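So this block is structure_1.txt, compact mmCIF, C-alpha atoms:
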# COMPACT_ATOMS: atom_id res chain seq x y z
CA MET B 65 107.71 171.28 89.89
CA ILE B 66 110.31 169.23 91.71
CA LYS B 67 109.11 167.98 95.09
CA LYS B 68 111.67 167.66 97.84
CA ILE B 69 111.14 164.71 100.15
CA LEU B 70 112.92 164.69 103.48
CA ILE B 71 113.97 161.22 104.59
CA THR B 72 114.06 160.88 108.34
CA ASP B 73 115.52 158.17 110.58
CA GLU B 74 111.99 156.87 111.03
CA ASN B 75 111.66 156.47 107.26
CA ILE B 76 114.96 154.59 107.11
CA ASP B 77 113.94 152.32 110.00
CA PHE B 78 110.74 151.39 108.17
CA LEU B 79 112.65 150.62 104.95
CA LEU B 80 115.17 148.51 106.87
CA LYS B 81 112.40 146.60 108.64
CA ILE B 82 110.72 145.72 105.33
CA GLU B 83 114.08 144.81 103.82
CA GLU B 84 114.72 142.48 106.75
CA LEU B 85 111.28 140.83 106.61
CA SER B 86 111.24 140.47 102.83
CA ASP B 87 114.93 139.60 102.51
CA GLN B 88 115.06 141.99 99.57
CA ILE B 89 117.38 144.91 98.85
CA ILE B 90 114.48 147.18 98.00
CA THR B 91 116.71 150.14 97.11
CA ARG B 92 117.71 148.13 94.02
CA CYS B 93 114.31 148.82 92.48
CA ASP B 94 114.75 151.14 89.49
CA GLN B 95 111.04 151.93 89.11
CA CYS B 96 110.83 150.40 85.64
CA GLY B 97 107.18 149.43 86.24
CA VAL B 98 107.35 145.85 84.94
CA CYS B 99 105.67 144.61 88.14
CA SER B 100 102.78 147.02 87.73
CA GLY B 101 102.45 146.24 84.04
CA SER B 102 102.42 142.49 84.75
CA CYS B 103 100.15 142.45 87.79
CA PRO B 104 96.81 140.78 86.99
CA LEU B 105 95.16 142.59 89.90
CA VAL B 106 96.61 146.07 89.45
CA SER B 107 93.23 147.47 88.36
CA GLU B 108 91.83 146.59 91.80
CA MET B 109 94.64 148.41 93.65
CA ASP B 110 94.86 152.04 94.81
CA ILE B 111 98.68 152.04 94.68
CA THR B 112 100.45 150.07 91.93
CA PRO B 113 103.12 147.49 92.88
CA SER B 114 105.94 149.74 91.62
CA GLN B 115 104.52 152.67 93.61
CA MET B 116 104.45 150.36 96.62
CA MET B 117 108.14 149.60 96.07
CA ARG B 118 108.92 153.32 95.81
CA MET B 119 106.99 154.20 98.96
CA VAL B 120 108.87 151.51 100.87
CA GLN B 121 112.18 152.79 99.48
CA LEU B 122 111.29 156.19 100.89
CA GLY B 123 110.11 154.65 104.15
CA GLN B 124 106.63 156.11 103.77
CA LYS B 125 104.48 154.30 106.31
CA GLU B 126 101.30 155.55 104.60
CA ILE B 127 101.66 152.47 102.42
CA MET B 128 100.23 150.56 105.38
CA ASP B 129 96.84 152.18 104.71
CA SER B 130 96.80 151.20 101.04
CA LYS B 131 94.71 148.24 99.96
CA THR B 132 97.40 147.04 97.55
CA MET B 133 98.97 144.50 99.91
CA TRP B 134 95.55 142.95 100.54
CA ILE B 135 94.73 142.70 96.83
CA CYS B 136 98.03 140.98 95.96
CA ALA B 137 97.20 137.31 95.35
CA SER B 138 100.86 136.16 95.59
CA CYS B 139 100.74 134.95 91.98
CA TYR B 140 104.47 135.72 91.55
CA THR B 141 104.12 137.18 88.06
CA CYS B 142 106.13 140.21 89.21
CA THR B 143 108.64 137.87 90.89
CA VAL B 144 109.54 136.11 87.65
CA ARG B 145 109.64 139.31 85.62
CA CYS B 146 111.50 141.85 87.78
CA PRO B 147 114.68 142.72 85.83
CA ARG B 148 116.42 143.57 89.12
CA GLY B 149 115.68 140.15 90.59
CA LEU B 150 113.45 141.59 93.27
CA ASP B 151 110.33 139.95 94.66
CA PRO B 152 107.54 142.50 95.25
CA SER B 153 105.28 139.68 96.50
CA LYS B 154 107.61 139.32 99.50
CA VAL B 155 107.38 143.06 100.10
CA ALA B 156 103.56 142.87 100.05
CA GLU B 157 103.67 139.93 102.46
CA SER B 158 105.96 141.87 104.81
CA LEU B 159 103.49 144.75 104.88
CA ARG B 160 100.60 142.36 105.55
CA GLN B 161 102.57 140.68 108.30
CA LEU B 162 103.32 143.98 110.05
CA ARG B 163 99.60 144.73 110.19
CA LEU B 164 98.61 141.21 111.23
CA ARG B 165 101.24 141.23 113.97
CA GLN B 166 99.33 144.14 115.51
CA GLY B 167 96.44 141.72 115.83
CA LEU B 168 94.53 143.64 113.19
CA ASP B 169 92.91 141.07 110.95
CA HIS B 170 91.92 142.05 107.44
CA ILE B 171 88.89 139.80 107.25
CA ASN B 172 86.54 138.34 109.80
CA ILE B 173 85.24 134.88 109.02
CA LYS B 174 81.92 135.83 110.63
CA ASN B 175 81.34 138.32 107.83
CA ILE B 176 81.59 135.70 105.10
CA PRO B 177 78.02 134.80 104.07
CA LYS B 178 76.90 131.34 105.16
CA ASP B 179 76.10 130.22 101.63
CA GLU B 180 79.67 131.14 100.64
CA ILE B 181 81.21 129.27 103.58
CA GLU B 182 79.26 126.20 102.47
CA ILE B 183 80.66 126.18 98.95
CA LEU B 184 84.20 127.51 99.44
CA PRO B 185 86.74 124.65 99.40
CA GLN B 186 89.30 124.31 102.24
CA ILE B 187 92.06 125.44 99.91
CA ALA B 188 90.33 128.84 99.56
CA LEU B 189 89.45 129.29 103.22
CA VAL B 190 92.81 128.17 104.60
CA SER B 191 94.81 130.34 102.19
CA ALA B 192 92.61 133.38 102.86
CA MET B 193 92.88 132.89 106.63
CA ARG B 194 96.67 132.54 106.30
CA LYS B 195 96.97 135.73 104.28
CA PHE B 196 94.34 137.91 105.95
CA THR B 197 94.30 136.95 109.63
CA SER B 198 96.85 136.84 112.41
CA MET D 183 106.34 101.45 90.59
CA LYS D 184 105.43 102.48 94.13
CA ILE D 185 105.71 106.16 94.92
CA LEU D 186 104.64 108.23 97.91
CA TYR D 187 101.78 110.62 97.43
CA TYR D 188 100.64 113.69 99.36
CA PRO D 189 96.93 114.45 98.74
CA GLY D 190 96.29 117.64 100.74
CA CYS D 191 92.96 118.65 102.23
CA THR D 192 90.85 119.60 99.23
CA LEU D 193 91.61 116.40 97.31
CA LYS D 194 89.77 114.56 100.05
CA THR D 195 86.62 116.66 99.67
CA SER D 196 85.55 118.90 96.79
CA ALA D 197 88.43 117.74 94.55
CA LYS D 198 87.77 114.00 94.96
CA ASN D 199 87.30 114.04 91.19
CA PHE D 200 90.98 115.01 90.91
CA GLU D 201 92.24 112.39 93.35
CA GLU D 202 90.15 109.44 92.15
CA SER D 203 90.87 110.06 88.47
CA ALA D 204 94.58 110.51 89.23
CA ILE D 205 94.90 107.32 91.26
CA ALA D 206 93.07 105.30 88.59
CA SER D 207 95.10 106.81 85.75
CA ALA D 208 98.35 106.26 87.64
CA LYS D 209 97.39 102.63 88.20
CA THR D 210 96.91 102.21 84.46
CA MET D 211 100.45 103.53 84.08
CA ASP D 212 101.65 100.93 86.66
CA ILE D 213 102.24 103.68 89.22
CA GLU D 214 100.95 102.89 92.68
CA LEU D 215 100.41 106.14 94.58
CA ILE D 216 100.89 105.32 98.25
CA GLU D 217 99.31 107.90 100.51
CA LEU D 218 101.64 109.46 103.04
CA THR D 219 100.84 108.33 106.57
CA ARG D 220 99.72 110.94 109.11
CA TRP D 221 100.00 113.79 106.65
CA ASN D 222 98.78 117.22 107.66
CA CYS D 223 97.67 120.35 105.83
CA CYS D 224 100.68 122.01 104.16
CA GLY D 225 99.30 125.46 105.03
CA THR D 226 98.34 126.05 101.36
CA VAL D 227 100.51 129.16 101.01
CA PHE D 228 104.27 129.41 101.38
CA SER D 229 105.35 131.81 104.10
CA LEU D 230 107.20 134.65 102.44
CA THR D 231 108.74 136.56 105.34
CA SER D 232 112.28 135.82 106.50
CA ASP D 233 111.47 135.44 110.20
CA ASP D 234 108.29 133.36 109.91
CA LEU D 235 109.66 129.88 110.49
CA ILE D 236 106.70 128.44 112.38
CA HIS D 237 104.68 128.13 109.17
CA HIS D 238 107.33 125.87 107.66
CA VAL D 239 106.73 123.31 110.39
CA ALA D 240 103.61 121.92 108.68
CA PRO D 241 105.22 121.33 105.28
CA ILE D 242 108.50 120.01 106.67
CA ARG D 243 106.71 117.62 109.03
CA ASN D 244 105.10 116.05 105.97
CA LEU D 245 108.55 115.53 104.49
CA ILE D 246 109.69 113.81 107.71
CA ARG D 247 106.87 111.28 107.12
CA VAL D 248 108.62 110.29 103.87
CA GLN D 249 111.77 109.44 105.84
CA GLU D 250 109.72 107.46 108.35
CA MET D 251 107.97 105.42 105.67
CA ASN D 252 111.34 104.53 104.19
CA LYS D 253 112.61 103.46 107.62
CA GLN D 254 109.48 101.38 108.18
CA GLY D 255 110.12 99.64 104.86
CA LEU D 256 106.83 100.79 103.35
CA VAL D 257 108.92 102.02 100.43
CA LYS D 258 112.55 101.33 99.66
CA GLY D 259 114.88 104.23 98.94
CA GLU D 260 111.96 106.20 97.48
CA PHE D 261 112.31 109.80 98.57
CA ARG D 262 110.16 111.37 95.89
CA LEU D 263 106.86 112.78 97.12
CA VAL D 264 104.21 113.23 94.46
CA THR D 265 101.55 115.94 94.70
CA LEU D 266 98.55 116.64 92.51
CA CYS D 267 97.34 119.94 93.99
CA ALA D 268 99.38 122.80 92.56
CA MET D 269 99.23 124.81 95.81
CA CYS D 270 100.44 121.90 97.95
CA TYR D 271 103.18 121.33 95.38
CA ASN D 272 104.36 124.92 95.61
CA THR D 273 104.27 125.11 99.40
CA LEU D 274 106.02 121.79 100.04
CA LYS D 275 108.60 122.38 97.31
CA ARG D 276 109.47 125.90 98.49
CA SER D 277 109.73 124.98 102.16
CA ASN D 278 111.97 122.08 101.19
CA LEU D 279 114.12 124.45 99.14
CA ARG D 280 114.30 126.97 101.96
CA VAL D 281 115.71 124.44 104.44
CA LYS D 282 118.03 123.01 101.78
CA GLU D 283 119.54 126.43 101.18
CA ASN D 284 119.47 127.61 104.81
CA PRO D 285 120.89 125.04 107.26
CA GLU D 286 120.33 127.43 110.18
CA ASP D 287 116.61 127.57 109.36
CA LEU D 288 116.54 123.78 109.20
CA GLU D 289 118.13 123.57 112.64
CA LYS D 290 115.53 125.94 114.10
CA ILE D 291 112.65 124.10 112.45
CA ASN D 292 113.98 120.76 113.68
CA ASN D 293 114.18 122.26 117.16
CA LEU D 294 110.60 123.51 116.93
CA MET D 295 109.64 119.87 116.31
CA TYR D 296 111.80 118.56 119.14
CA LEU D 297 109.93 115.26 119.55
CA GLU D 298 109.95 114.47 115.82
CA GLU D 299 113.00 112.98 114.15
CA ASP D 300 115.20 115.53 112.37
CA TYR D 301 114.48 116.24 108.75
CA GLU D 302 117.39 114.94 106.68
CA VAL D 303 116.61 116.98 103.55
CA LYS D 304 116.50 113.95 101.26
CA VAL D 305 112.99 114.39 99.92
CA GLU D 306 112.24 115.56 96.41
CA VAL D 307 108.79 117.08 95.96
CA ILE D 308 107.53 116.31 92.48
CA HIS D 309 104.31 117.17 90.68
CA PHE D 310 102.43 114.32 89.00
CA LEU D 311 102.70 116.05 85.60
CA LYS D 312 106.47 116.14 85.98
CA LEU D 313 106.54 112.49 87.01
CA LEU D 314 104.69 111.60 83.80
CA GLU D 315 107.05 113.73 81.76
CA ASP D 316 110.08 112.06 83.39
CA MET D 317 108.64 108.64 82.58
CA GLY D 318 108.01 109.79 79.03
CA PHE D 319 104.70 110.93 77.61
CA GLU D 320 105.09 108.13 75.03
CA LYS D 321 104.24 105.74 77.86
CA VAL D 322 101.03 107.66 78.44
CA ASN D 323 100.27 107.37 74.74
CA GLU D 324 100.72 103.57 74.87
CA LYS D 325 97.83 103.31 77.36
CA VAL D 326 95.36 105.35 75.32
CA LYS D 327 92.38 103.26 74.21
CA ASN D 328 89.94 106.06 73.64
CA PRO D 329 91.78 108.99 71.96
CA LEU D 330 90.22 112.37 72.74
CA LYS D 331 89.63 112.97 69.05
CA ASN D 332 88.18 116.36 68.08
CA LEU D 333 88.06 117.47 71.70
CA LYS D 334 89.33 121.03 71.75
CA ILE D 335 91.11 121.62 75.04
CA ALA D 336 92.88 124.75 76.27
CA PRO D 337 95.30 123.94 79.09
CA TYR D 338 95.34 126.36 82.02
CA TYR D 339 98.33 126.46 84.37
CA GLY D 340 97.63 129.25 86.80
CA CYS D 341 100.49 130.28 89.08
CA MET D 342 101.65 127.61 91.47
CA LEU D 343 102.96 125.09 88.94
CA LEU D 344 105.10 127.72 87.26
CA ARG D 345 106.19 130.39 89.68
CA PRO D 346 108.56 131.28 91.12
CA LYS D 347 111.02 129.90 88.59
CA GLU D 348 113.08 127.86 91.07
CA VAL D 349 110.13 125.56 91.77
CA GLY D 350 108.28 125.75 88.43
CA ILE D 351 107.71 122.52 86.54
CA ASP D 352 108.10 124.32 83.21
CA ASP D 353 109.09 127.61 81.59
CA PRO D 354 107.22 130.25 83.63
CA GLU D 355 106.47 132.33 80.53
CA ASP D 356 105.82 129.62 77.96
CA PRO D 357 104.82 126.32 79.55
CA THR D 358 103.99 123.36 77.30
CA ILE D 359 103.92 120.33 79.61
CA GLN D 360 100.13 120.03 79.65
CA GLU D 361 99.97 120.57 75.88
CA GLU D 362 102.38 117.67 75.38
CA LEU D 363 100.32 115.40 77.62
CA LEU D 364 97.01 116.35 76.01
CA GLU D 365 98.41 115.73 72.53
CA LYS D 366 99.43 112.23 73.61
CA LEU D 367 95.87 111.70 74.82
CA GLY D 368 94.68 112.52 71.31
CA ALA D 369 93.09 115.88 72.12
CA GLU D 370 93.16 118.91 69.90
CA VAL D 371 95.19 121.40 71.90
CA ILE D 372 94.08 125.01 71.81
CA ASN D 373 96.53 127.75 72.68
CA ASN D 374 95.18 129.94 75.45
CA PRO D 375 97.19 133.16 75.78
CA PHE D 376 95.74 133.53 79.29
CA LYS D 377 96.94 130.12 80.45
CA LYS D 378 99.30 131.53 83.07
CA VAL D 379 97.20 134.49 84.22
CA CYS D 380 96.20 134.25 87.88
CA CYS D 381 92.55 133.35 88.54
CA GLY D 382 92.52 135.56 91.65
CA SER D 383 93.27 132.72 94.05
CA TYR D 384 92.17 133.32 97.67
CA GLN D 385 90.66 136.69 96.72
CA THR D 386 87.59 134.55 96.04
CA VAL D 387 86.98 134.67 99.81
CA GLN D 388 87.20 138.42 100.44
CA ASP D 389 85.85 139.73 97.11
CA LYS D 390 84.54 137.23 94.61
CA ASN D 391 83.99 140.00 92.05
CA ILE D 392 87.74 140.13 91.48
CA VAL D 393 87.68 136.43 90.62
CA VAL D 394 84.54 136.70 88.51
CA ASP D 395 86.21 139.26 86.22
CA LEU D 396 89.46 137.31 85.95
CA SER D 397 87.67 134.02 85.30
CA TYR D 398 85.50 135.69 82.68
CA SER D 399 88.63 136.98 80.87
CA ILE D 400 90.46 133.65 81.06
CA LEU D 401 87.49 131.54 79.96
CA THR D 402 86.19 133.77 77.17
CA ARG D 403 89.69 134.15 75.73
CA ALA D 404 90.04 130.36 75.62
CA GLN D 405 86.63 130.14 73.94
CA LYS D 406 87.63 132.76 71.36
CA GLU D 407 90.58 130.55 70.47
CA GLY D 408 88.13 127.70 69.90
CA ALA D 409 88.33 125.83 73.21
CA GLU D 410 85.44 123.59 74.25
CA ALA D 411 86.90 122.92 77.69
CA ILE D 412 89.91 123.83 79.79
CA THR D 413 92.13 121.83 82.13
CA THR D 414 93.67 122.62 85.48
CA SER D 415 95.80 121.07 88.19
CA CYS D 416 94.68 123.24 91.09
CA PRO D 417 91.49 122.84 93.16
CA LEU D 418 91.42 126.58 93.85
CA CYS D 419 91.72 127.45 90.15
CA ALA D 420 89.03 124.82 89.54
CA PHE D 421 86.73 126.49 92.04
CA ASN D 422 87.33 129.95 90.60
CA LEU D 423 87.08 128.92 86.96
CA ASP D 424 84.34 126.30 87.28
CA ASN D 425 82.05 127.05 90.26
CA ARG D 426 82.34 130.82 89.86
CA GLN D 427 80.82 130.49 86.37
CA LYS D 428 77.53 130.88 88.21
CA GLU D 429 78.47 134.47 89.13
CA VAL D 430 80.19 135.04 85.77
CA LYS D 431 76.91 134.21 84.04
CA GLU D 432 74.97 136.54 86.36
CA LYS D 433 77.34 139.43 85.66
CA TYR D 434 77.87 138.70 81.95
CA PRO D 435 74.59 137.17 80.68
CA HIS D 436 75.98 136.51 77.18
CA PHE D 437 78.65 134.23 78.70
CA LYS D 438 78.45 130.61 77.58
CA GLU D 439 79.45 128.04 80.20
CA ILE D 440 82.50 125.87 79.53
CA PRO D 441 83.54 122.68 81.35
CA VAL D 442 86.72 122.68 83.46
CA PHE D 443 88.52 119.34 83.79
CA TYR D 444 91.32 118.18 85.99
CA PHE D 445 93.86 116.84 83.48
CA THR D 446 93.63 113.46 85.20
CA GLN D 447 89.92 113.21 84.33
CA LEU D 448 90.88 113.46 80.68
CA MET D 449 93.58 110.82 81.21
CA SER D 450 90.94 108.48 82.68
CA ILE D 451 88.63 108.97 79.70
CA ALA D 452 91.45 108.51 77.20
CA PHE D 453 92.58 105.35 79.01
CA GLY D 454 89.04 104.01 78.65
CA LEU D 455 88.53 103.69 82.41
CA ASP D 456 85.12 103.45 84.04
CA LYS D 457 83.62 106.93 84.22
CA LYS D 458 83.03 106.47 87.96
CA TYR D 459 86.68 107.46 88.48
CA CYS D 460 86.02 110.86 86.93
CA ARG D 461 83.48 111.83 89.58
CA PHE D 462 81.84 114.31 87.21
CA ASP D 463 79.25 114.91 89.95
CA LEU D 464 81.86 117.19 91.55
CA ASN D 465 82.41 119.32 88.45
CA TYR D 466 80.18 122.39 88.55
CA ILE D 467 79.64 122.64 84.79
CA ASP D 468 78.77 119.09 83.75
CA PRO D 469 81.39 117.89 81.24
CA GLU D 470 79.44 114.78 80.25
CA PRO D 471 77.37 116.30 77.41
CA LEU D 472 80.58 117.47 75.72
CA ILE D 473 82.34 114.12 76.19
CA LYS D 474 79.27 112.25 74.92
CA SER D 475 78.92 114.53 71.90
CA LYS D 476 82.41 113.43 70.85
CA GLY D 477 81.49 109.79 71.26
CA LEU D 478 83.97 109.37 74.11
CA LEU D 479 81.55 107.99 76.69
Take the structure from the file and write it as structure tokens.
Amino acid sequence: MIKKILITDENIDFLLKIEELSDQIITRCDQCGVCSGSCPLVSEMDITPSQMMRMVQLGQKEIMDSKTMWICASCYTCTVRCPRGLDPSKVAESLRQLRLRQGLDHINIKNIPKDEIEILPQIALVSAMRKFTS
Amino acid sequence: MKILYYPGCTLKTSAKNFEESAIASAKTMDIELIELTRWNCCGTVFSLTSDDLIHHVAPIRNLIRVQEMNKQGLVKGEFRLVTLCAMCYNTLKRSNLRVKENPEDLEKINNLMYLEEDYEVKVEVIHFLKLLEDMGFEKVNEKVKNPLKNLKIAPYYGCMLLRPKEVGIDDPEDPTIQEELLEKLGAEVINNPFKKVCCGSYQTVQDKNIVVDLSYSILTRAQKEGAEAITTSCPLCAFNLDNRQKEVKEKYPHFKEIPVFYFTQLMSIAFGLDKKYCRFDLNYIDPEPLIKSKGLL
């Protein structure tokens, strides 16, 4: 059955905000699925990268509750393969940034076990703090 | 040849084995790596959003230090900045590119650092592997005293040396730069189809299981192809592929541990340098038994 989706001004505002932050013309995405097929972490996600792109196109803010943006490791495999020249990693970062700019951190360093903190190199801790905290 | 060098944080701690073996190998090649003065952390990850300029301050400030060192006469007309760490390379290179392509961003970043001199956008960020390639791998070959004969090595690239394309040191889909170097060192190069698959990167902090599964796939695939060891150029890949073998073994008991080298450690061995430069004490899986079994130590 065909599902009709009503696109409101609020939906469009959300799309435009993500387009501005990511500097991507997200409506160019044709939903070919190359990003999802290439993503090394897709099996850990609840929403695939191409579904994420579609939800942003439609301005569906529910994407903010998906764990996909937090699983993205910014490996840029999708970036080099997108036939439309889009960069889904920038879209994921924009979504993360919107959440972090509410002061809502994704991880709390206090919850990382002490034995892990002792062995994790700076490169791991700094990058995780940059990606997951405000 | 004197060239400026940016170490980054991890090369001064858990990746000392990368730095010390690189400096010693470079010296053998008559390259003097001069450490950048007053360098700071690059931030490890490149800021991807259009309005987030503040996180480009750290990388660009490092590039200003290159200008200063030229003005102080510590180097003459040498605006190349060499990195070893793949993540530092990516972050510095991309921030440099962003200000090159966006003069208005450069102006804002210069203003954010009002008391620093303006960045003149003259610096070229270059990875050590690329520097060697530019000099000619033949020159590497000339220094080999101890060819890595019968040592079966699968190069691993990870992400930050290759992607995105505009900063990659090689073809993002089919890189060969490490293969070329390893061949000149006398090693038997093993093709690893997973050589450019992400190791999970910083996910190792929030959920190490993600990394354990990826590392298991990458390492066992290399082993299936016949690899006895793999190489890397990234301290985070090294942590995930080497140190996380502890958890890989716990989850997959049939897994057989495999040493992970920084490519510069293999250069040091092939150049016949004192093994102290390799700092094998910092490798999680001890590579010495393998090296000794090949009569290379």
Counting only C-alpha atoms, which residues of chain B fall within 7 Å of chain D, and what is the closest atom pair for each with its distance in Å at one decimal, ordered by chain and rising number, as CSV?
residue,atom,partner,partner_atom,distance
B:Leu85,CA,D:Ser232,CA,5.1
B:Ser86,CA,D:Thr231,CA,5.3
B:Asp87,CA,D:Ser232,CA,6.1
B:Pro104,CA,D:Cys380,CA,6.6
B:Ala137,CA,D:Ser383,CA,6.2
B:Cys139,CA,D:Cys341,CA,5.5
B:Tyr140,CA,D:Arg345,CA,5.9
B:Thr143,CA,D:Pro346,CA,6.6
B:Val144,CA,D:Pro346,CA,6.0
B:Lys154,CA,D:Leu230,CA,5.5
B:Glu157,CA,D:Leu230,CA,6.4
B:Ser158,CA,D:Thr231,CA,6.0
B:Pro185,CA,D:Ser196,CA,6.4
B:Gln186,CA,D:Thr192,CA,5.8
B:Ile187,CA,D:Thr192,CA,6.0
B:Ala188,CA,D:Tyr384,CA,5.2
B:Leu189,CA,D:Val387,CA,6.8
B:Val190,CA,D:Thr226,CA,6.8
B:Ser191,CA,D:Thr226,CA,5.6
B:Ala192,CA,D:Tyr384,CA,5.2
Practice task
Using all atoms listed in the file, pick whichever of B:Asp94, B:Asp73, B:Glu84, B:Asp110 has the shortest atom-to-atom distance to B:Cys146.
Solution key: B:Asp94
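Distance-wise, atom CA of D:Ser207 and atom CA of D:Pro357 end up 22.7 Å apart.
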Handout entry: Neighbour list for D:Ile473 as a list in words, cut-off 9 Å, all atoms listed in the file, skip fewer than 6 positions in-chain
Key = Leu330, Leu333, Ile451 and Leu479 of chain D
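You will find atom CA of B:Ile90 at 29.4 Å from atom CA of D:Cys224.
Nearest to B:Lys131 of all the residues B:Phe196, B:Ile173, B:Asn75, B:Gly167 is B:Phe196, counting all atoms listed in the file.
Comparing B:Met133, B:Val106, B:Cys99, B:Leu164 by their smallest distance to B:Arg194, the closest is B:Leu164 (using all atoms listed in the file).
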Using all atoms listed in the file - which residues lie no farther than 10 Å from the point (79.4, 133.3, 79.1) in the file's frame? Write them as a CSV table (one decimal) with C-alpha atoms, keeping the file's coordinate frame.
chain,number,residue,atom,x,y,z
D,398,TYR,CA,85.5,135.7,82.7
D,401,LEU,CA,87.5,131.5,80.0
D,402,THR,CA,86.2,133.8,77.2
D,405,GLN,CA,86.6,130.1,73.9
D,427,GLN,CA,80.8,130.5,86.4
D,428,LYS,CA,77.5,130.9,88.2
D,430,VAL,CA,80.2,135.0,85.8
D,431,LYS,CA,76.9,134.2,84.0
D,432,GLU,CA,75.0,136.5,86.4
D,433,LYS,CA,77.3,139.4,85.7
D,434,TYR,CA,77.9,138.7,82.0
D,435,PRO,CA,74.6,137.2,80.7
D,436,HIS,CA,76.0,136.5,77.2
D,437,PHE,CA,78.6,134.2,78.7
D,438,LYS,CA,78.4,130.6,77.6
D,439,GLU,CA,79.4,128.0,80.2
D,440,ILE,CA,82.5,125.9,79.5
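If you look at atom CA of D:Ala420 and atom CA of D:Ser397, they are 10.2 Å away from each other.
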Shell around stretch 238-242 of chain D at 12 Å using all atoms listed in the file, local window under 6 positions removed, as a compact mmCIF listing (two decimals) with C-alpha atoms, keeping the file's coordinate frame:
# COMPACT_ATOMS: atom_id res chain seq x y z
CA TYR D 188 100.64 113.69 99.36
CA GLY D 190 96.29 117.64 100.74
CA ARG D 220 99.72 110.94 109.11
CA TRP D 221 100.00 113.79 106.65
CA ASN D 222 98.78 117.22 107.66
CA CYS D 223 97.67 120.35 105.83
CA CYS D 224 100.68 122.01 104.16
CA GLY D 225 99.30 125.46 105.03
CA THR D 226 98.34 126.05 101.36
CA VAL D 227 100.51 129.16 101.01
CA PHE D 228 104.27 129.41 101.38
CA SER D 229 105.35 131.81 104.10
CA LEU D 230 107.20 134.65 102.44
CA THR D 231 108.74 136.56 105.34
CA SER D 232 112.28 135.82 106.50
CA VAL D 248 108.62 110.29 103.87
CA GLN D 249 111.77 109.44 105.84
CA LEU D 263 106.86 112.78 97.12
CA MET D 269 99.23 124.81 95.81
CA CYS D 270 100.44 121.90 97.95
CA TYR D 271 103.18 121.33 95.38
CA ASN D 272 104.36 124.92 95.61
CA THR D 273 104.27 125.11 99.40
CA LEU D 274 106.02 121.79 100.04
CA LYS D 275 108.60 122.38 97.31
CA ARG D 276 109.47 125.90 98.49
CA SER D 277 109.73 124.98 102.16
CA ASN D 278 111.97 122.08 101.19
CA LEU D 279 114.12 124.45 99.14
CA ARG D 280 114.30 126.97 101.96
CA VAL D 281 115.71 124.44 104.44
CA LYS D 282 118.03 123.01 101.78
CA ASP D 287 116.61 127.57 109.36
CA LEU D 288 116.54 123.78 109.20
CA GLU D 289 118.13 123.57 112.64
CA LYS D 290 115.53 125.94 114.10
CA ILE D 291 112.65 124.10 112.45
CA ASN D 292 113.98 120.76 113.68
CA ASN D 293 114.18 122.26 117.16
CA LEU D 294 110.60 123.51 116.93
CA MET D 295 109.64 119.87 116.31
CA TYR D 296 111.80 118.56 119.14
CA GLU D 298 109.95 114.47 115.82
CA GLU D 299 113.00 112.98 114.15
CA ASP D 300 115.20 115.53 112.37
CA TYR D 301 114.48 116.24 108.75
CA GLU D 302 117.39 114.94 106.68
CA VAL D 303 116.61 116.98 103.55
CA LYS D 304 116.50 113.95 101.26
CA VAL D 305 112.99 114.39 99.92
CA GLU D 306 112.24 115.56 96.41
CA VAL D 307 108.79 117.08 95.96
Problem - Surrounding residues of B:Thr112 excluding itself and chain neighbours under 4 positions, 10 Å, only C-alpha atoms, as JSON, numbers by chain - result: {"B": [97, 99, 100, 101, 103, 105, 106, 107, 108, 116, 117, 118, 130, 132, 133]}
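You can rank B:Ala156, B:Asp151, B:Thr197, B:Gln121 by their closest distance to B:Ile171 using all atoms listed in the file, and at the top of that list sits B:Thr197.
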Problem - Selection: 12 Å around D:Glu362, all atoms listed in the file, excl. self and same-chain fewer than 2 positions, as a PyMOL selection string - result: chain D and resi 311-312+314-315+318-320+322-323+335-337+352+357-360+364-373+445
